[in-house]
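J.: Dropping a structure here in structure tokens format, bear with me for questions.
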Amino acid sequence: MDTNREEYIRTADQYAPEVYDEAEALPTYRPTVGCIIPAYNEAETIAGVLDSLLQQTRLPDVIHLIVNNTSDDSVEIASHYAGPHTRMTPTGEQNTIVYVHDIGKNPDKKVGALNYGYSLVEHMDYLLGVDGDTTPEPDAVEHLVEEISSDDRIGGISAIYSIDDSALEGLIPKFLIAGQRAQFSAFNMQNLLKGRNMAVLGGQFSIFSTKALRDVLRDSHQRTPWVNDSEVEDSLLSLQIKSAGYLTKISARARAHVGGMTTLRSLDAQQVKWNFGAIDLMWPGQRGDTKGQPFHPNLRLRWFEHMSMVINIVTRFMFLLLLAGSLSISAFVFSGWWLIPPAAAILLNFRVARSMEFVNKRDYLFALLLFPAELYMWIRMGHFVRAWLKFFSRQQTDNWAAQAKAERGKGVAWMYPFLALAIAFVASAAIWVQLPISLQSDLLAVGWPILGVITVLQTAWMLIKVMRRYRGFKA
């Protein structure tokens with residue numbers, strides 16, 4: 001009996017390498033990925049986007065460029081990329097095909113282009129959505145596919161977004177992009193630290209399970225994944241994916257560089273559209289085809305962001321009014337304790353800069369000088385107020401068209417918050433000078449302590465965020 005056992009062991013050891021080699025040679029299932037790129041007047045950037053996709057360590061199986069409503073040379077430039085492409089990667093030879101579709105005038109704009117693209121790749125395992133001005137890192141697609149295919153519960157994963165600021169010229173563009181880079185970094189880190197749960201699968205560079213999208217169509221009684229009755233089509237789809245029982249995540253490793261806004265006009269239009277769309281989803285009640293979902297788990301972070309912005313507005317406005325009032329009656333007394341909140345803000349801004357994967361000197365200057373970050377906060381507060389006023393006024397405006405108009409250098413709506421701030425201060429000053437000195441003193445005596453309590457709480461919260469561990473994540 002022992003002899004037979006020894007003979008069996010020798011035989012197994014003899015054939016083990018051959019069995020292992022045959023097992024490794026067996027074909028493994030490679031999930032299919034269809035990439036769709038909605039493009040509107042992207043002549044300046046589309047070549048870079050296609051180049052970055054064709055240089056991926058994991059090529060998409062097919063790339064569909066959906067050009068719509070364009071008036072530039074996007075189609076002509078992209079046509080040079082049309083056809084099959086082969087690339088040798090560390091895992092072997094890979095192939096993809098680039099198709100360029102010019103769908104002409106499209107009333108649904110980006111939403112229509114996305115849905116057209118979905119109809120072309122819905123039979124595949126995953127849909128990779130890429131904006132016409134987004135360039136991914138070379139391993140971005142590989143990481144997204146690995147992460148989403150590792151867990152059937154995941155309905156979509158967004159890349160970690162940043163903005164490439166290497167080719168900027170002019171003080172204003174450099175300042176605005178530095179602010180947007182800090183804004184992206186803080187937002188990304190918030191999501192990474194919350195179990196990598198992502199409230200919004202941004203359309204800039206996200207991968208979706210087509211099974212999850214089909215479930216959304218079934219549950220929401222829609223013909224297409226994206227609908228045109230929301231200002232933020234990606235936010236609404238993310239909510240629907242979550243409601244269908246799937247997870248929405250941010251990648252731990254995949255990174256992409258998105259297009260930034262380099263003028264106050266274009267930044268205002270973009271941020272107002274984003275804020276307006278978020279408010280539309282947050283606010284209870286039915287407005288047209290969009291139903292508010294204030295208690296949806298994906299919107300908790302949105303509510304927190306909006307409440308934080310309200311507190312920022314209150315503290316800054318109160319400080320300026322109280323400071324001006326105190327100076328007007330020679331009642332201003334400086335205290336060294338007032339330097340603690342700005343110091344805490346600098347520490348937090350510096351921590352945000354340190355968390356960036358591609359941090360540079362400009363990011364550190366933006367954080368440490370305080371004034372650029374504070375000025376950018378005032379600009380963001382203007383966007384926030386304008387979005388809420390626009391929502392409550394029930395204006396029937398096309399915010400997509402407004403953003404496109406702003407990016408062409410047209411429109412003056414971006415100036416409204418600054419004019420409103422100036423009018424508010426002039427009105428406050430006019431009222432203040434009419435008050436008796438005793439009432440002025442009483443108002444200051446009540447206002448400063450209230451502001452002090454709010455500021456202490458704000459400062460404590462900033463210090464808590466400064467001391468928070470990032471667990472190795474990089475934004």
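Every chain in the structure tokens takes a letter, A first, then B, and so on in the order presented; its residues are numbered from 1, and the ligands are numbered from 1 following the presented order.
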Among the residues of stretch 185-388 of chain A, find those DSSP assigns to helix (DSSP H, G or I) from the backbone and print them as JSON, numbers by chain.
T.: {"A": [185, 186, 187, 188, 189, 190, 191, 192, 193, 210, 211, 212, 213, 214, 215, 216, 217, 218, 219, 220, 233, 234, 235, 236, 237, 238, 239, 240, 241, 242, 243, 264, 265, 266, 267, 268, 269, 270, 271, 272, 273, 274, 275, 276, 277, 278, 279, 280, 281, 282, 297, 298, 299, 300, 301, 302, 303, 304, 305, 306, 307, 308, 309, 310, 311, 312, 313, 314, 315, 316, 317, 318, 319, 320, 321, 322, 323, 324, 325, 326, 327, 328, 336, 337, 338, 339, 340, 341, 342, 343, 344, 345, 346, 347, 348, 349, 350, 351, 352, 353, 354, 361, 362, 363, 364, 365, 366, 367, 368, 371, 372, 373, 374, 375, 376, 377, 378, 379, 380, 381, 382, 383, 384, 385, 386, 387, 388]}
J.: Counting only C-alpha atoms, which residues of stretch 338-450 of chain A sit at most 8 Å from some atom of stretch 174-188 of chain A, and what is each one's closest atom pair with its distance in Å to one decimal, listed by chain and rising residue number, as CSV?
T.:
residue,atom,partner,partner_atom,distance
A:Asn349,CA,A:Ala182,CA,7.9
A:Val352,CA,A:Ala186,CA,6.1
A:Ala353,CA,A:Ala182,CA,6.7
A:Ser355,CA,A:Ser185,CA,7.3
A:Met356,CA,A:Ser185,CA,6.3
A:Arg362,CA,A:Ala178,CA,6.9
A:Asp363,CA,A:Ala178,CA,6.0
A:Phe366,CA,A:Ala178,CA,6.7
A:Pro372,CA,A:Phe175,CA,7.2
A:Ala373,CA,A:Gly179,CA,6.7
A:Tyr376,CA,A:Gly179,CA,6.2
J.: Do you know which residues are at most 8 Å from stretch 436-448 of chain A counting only C-alpha atoms, after dropping those on the same chain fewer than 6 positions away, and could you put them as a ChimeraX atom specification?
T.: /A:318,322,325-326,329
J.: Using only C-alpha atoms, which residues sit within 7 Å of A:Ile36 once same-chain residues fewer than 3 positions away are excluded, as a ChimeraX atom specification?
T.: /A:63-65,117,128-130
J.: Can you tell me, as JSON, numbers by chain, what residues are no more than 12 Å from stretch 280-282 of chain A when counting only C-alpha atoms, ignoring any on the same chain fewer than 5 positions away?
T.: {"A": [200, 229, 230, 231, 232, 233, 234, 235, 236, 237, 238, 239, 240, 272, 273, 274, 275, 287, 288, 289, 290, 291, 292, 293, 294, 295, 296, 297, 298, 299, 300, 301, 302, 303, 304, 305, 306, 387, 388, 390, 391, 392, 394]}
J.: If you run DSSP on the backbone, which residues of stretch 123-214 of chain A are strand (DSSP E or B), as a compact mmCIF listing (two decimals) with N, CA and C atoms, in the first residue's frame?
T.:
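To be explicit, this is the file written out as part20.txt:
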# COMPACT_ATOMS: atom_id res chain seq x y z
N TYR A 126 -19.00 46.40 -20.37
CA TYR A 126 -18.83 47.69 -19.70
C TYR A 126 -18.84 48.83 -20.72
N LEU A 127 -19.35 49.96 -20.25
CA LEU A 127 -19.35 51.19 -21.04
C LEU A 127 -18.39 52.18 -20.37
N LEU A 128 -17.43 52.64 -21.12
CA LEU A 128 -16.48 53.64 -20.62
C LEU A 128 -16.84 54.99 -21.22
N GLY A 129 -17.28 55.93 -20.39
CA GLY A 129 -17.63 57.26 -20.86
C GLY A 129 -16.46 58.22 -20.67
N VAL A 130 -16.11 58.93 -21.74
CA VAL A 130 -14.96 59.85 -21.71
C VAL A 130 -15.37 61.18 -22.32
N THR A 135 -7.99 63.51 -20.65
CA THR A 135 -6.89 62.62 -21.00
C THR A 135 -6.52 61.76 -19.80
N PRO A 136 -6.69 60.44 -19.90
CA PRO A 136 -6.39 59.55 -18.77
C PRO A 136 -4.90 59.22 -18.70
N ILE A 154 -20.75 46.31 -8.02
CA ILE A 154 -20.38 47.66 -8.47
C ILE A 154 -21.07 47.98 -9.79
N GLY A 155 -21.81 49.08 -9.80
CA GLY A 155 -22.50 49.50 -11.02
C GLY A 155 -21.71 50.50 -11.83
N GLY A 156 -20.79 51.21 -11.17
CA GLY A 156 -19.98 52.19 -11.88
C GLY A 156 -18.84 52.67 -11.02
N ILE A 157 -17.75 53.05 -11.67
CA ILE A 157 -16.57 53.58 -10.97
C ILE A 157 -16.08 54.81 -11.71
N SER A 158 -15.81 55.85 -10.96
CA SER A 158 -15.27 57.09 -11.51
C SER A 158 -13.77 57.16 -11.26
N ALA A 159 -13.04 57.72 -12.19
CA ALA A 159 -11.61 57.95 -12.00
C ALA A 159 -11.39 59.08 -10.99
N ILE A 160 -10.17 59.20 -10.52
CA ILE A 160 -9.77 60.34 -9.69
C ILE A 160 -9.42 61.47 -10.65
N TYR A 161 -10.12 62.59 -10.52
CA TYR A 161 -9.95 63.68 -11.48
C TYR A 161 -8.99 64.75 -10.97
N SER A 162 -8.21 65.27 -11.91
CA SER A 162 -7.40 66.46 -11.65
C SER A 162 -7.40 67.28 -12.94
N ILE A 163 -6.70 68.40 -12.92
CA ILE A 163 -6.63 69.28 -14.09
C ILE A 163 -5.16 69.54 -14.40
N ASN A 197 -16.98 55.44 -1.63
CA ASN A 197 -18.32 55.60 -2.20
C ASN A 197 -18.41 56.94 -2.92
N PHE A 205 -14.68 60.66 -16.96
CA PHE A 205 -13.99 59.39 -17.20
C PHE A 205 -14.50 58.38 -16.19
N SER A 206 -15.57 57.68 -16.53
CA SER A 206 -16.18 56.69 -15.65
C SER A 206 -16.55 55.45 -16.44
N ILE A 207 -16.52 54.30 -15.75
CA ILE A 207 -16.89 53.04 -16.37
C ILE A 207 -18.17 52.53 -15.72
N PHE A 208 -19.07 52.01 -16.53
CA PHE A 208 -20.38 51.54 -16.06
C PHE A 208 -20.58 50.08 -16.47
N SER A 209 -21.22 49.33 -15.59
CA SER A 209 -21.66 47.99 -15.95
C SER A 209 -22.92 48.13 -16.81
J.: List the spatial neighbours of A:Ala324 as a count of residues only - criterion: any atom at most 12 Å away, only C-alpha atoms, same-chain residues fewer than 4 positions off excluded.
T.: 17
J.: Would you kindly return, as a list in words, each protein, DNA or RNA residue with an atom no farther than 7 Å from any atom of stretch 214-225 of chain A, considering only C-alpha atoms and excluding same-chain residues fewer than 3 positions away?
T.: Asn115, Thr210, Lys211, Leu237, Gln240, Ile241 and Ala244 of chain A
J.: For A:Leu193, which residue out of A:Ser79, A:Thr315, A:Ser150, A:Ser251 is the nearest one, using only C-alpha atoms?
T.: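 Ranked by minimum distance to A:Leu193, first place goes to A:Ser251.
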J.: One decimal, Å: what's the distance from atom CA of A:Gln56 over to atom CA of A:Val33, could you say?
T.: 12.8 Å
J.: Would you please work out which residue, of A:Thr28, A:Thr455, A:Thr248, A:Gln270, is nearest to A:Arg153 when using only C-alpha atoms?
T.: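 Comparing A:Thr28, A:Thr455, A:Thr248, A:Gln270 against A:Arg153, the winner is A:Thr248.
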J.: For a test of reading the model, state the distance in Å between atom CA of A:Pro84 and atom CA of A:Val98, rounded to one decimal.
T.: 6.3 Å
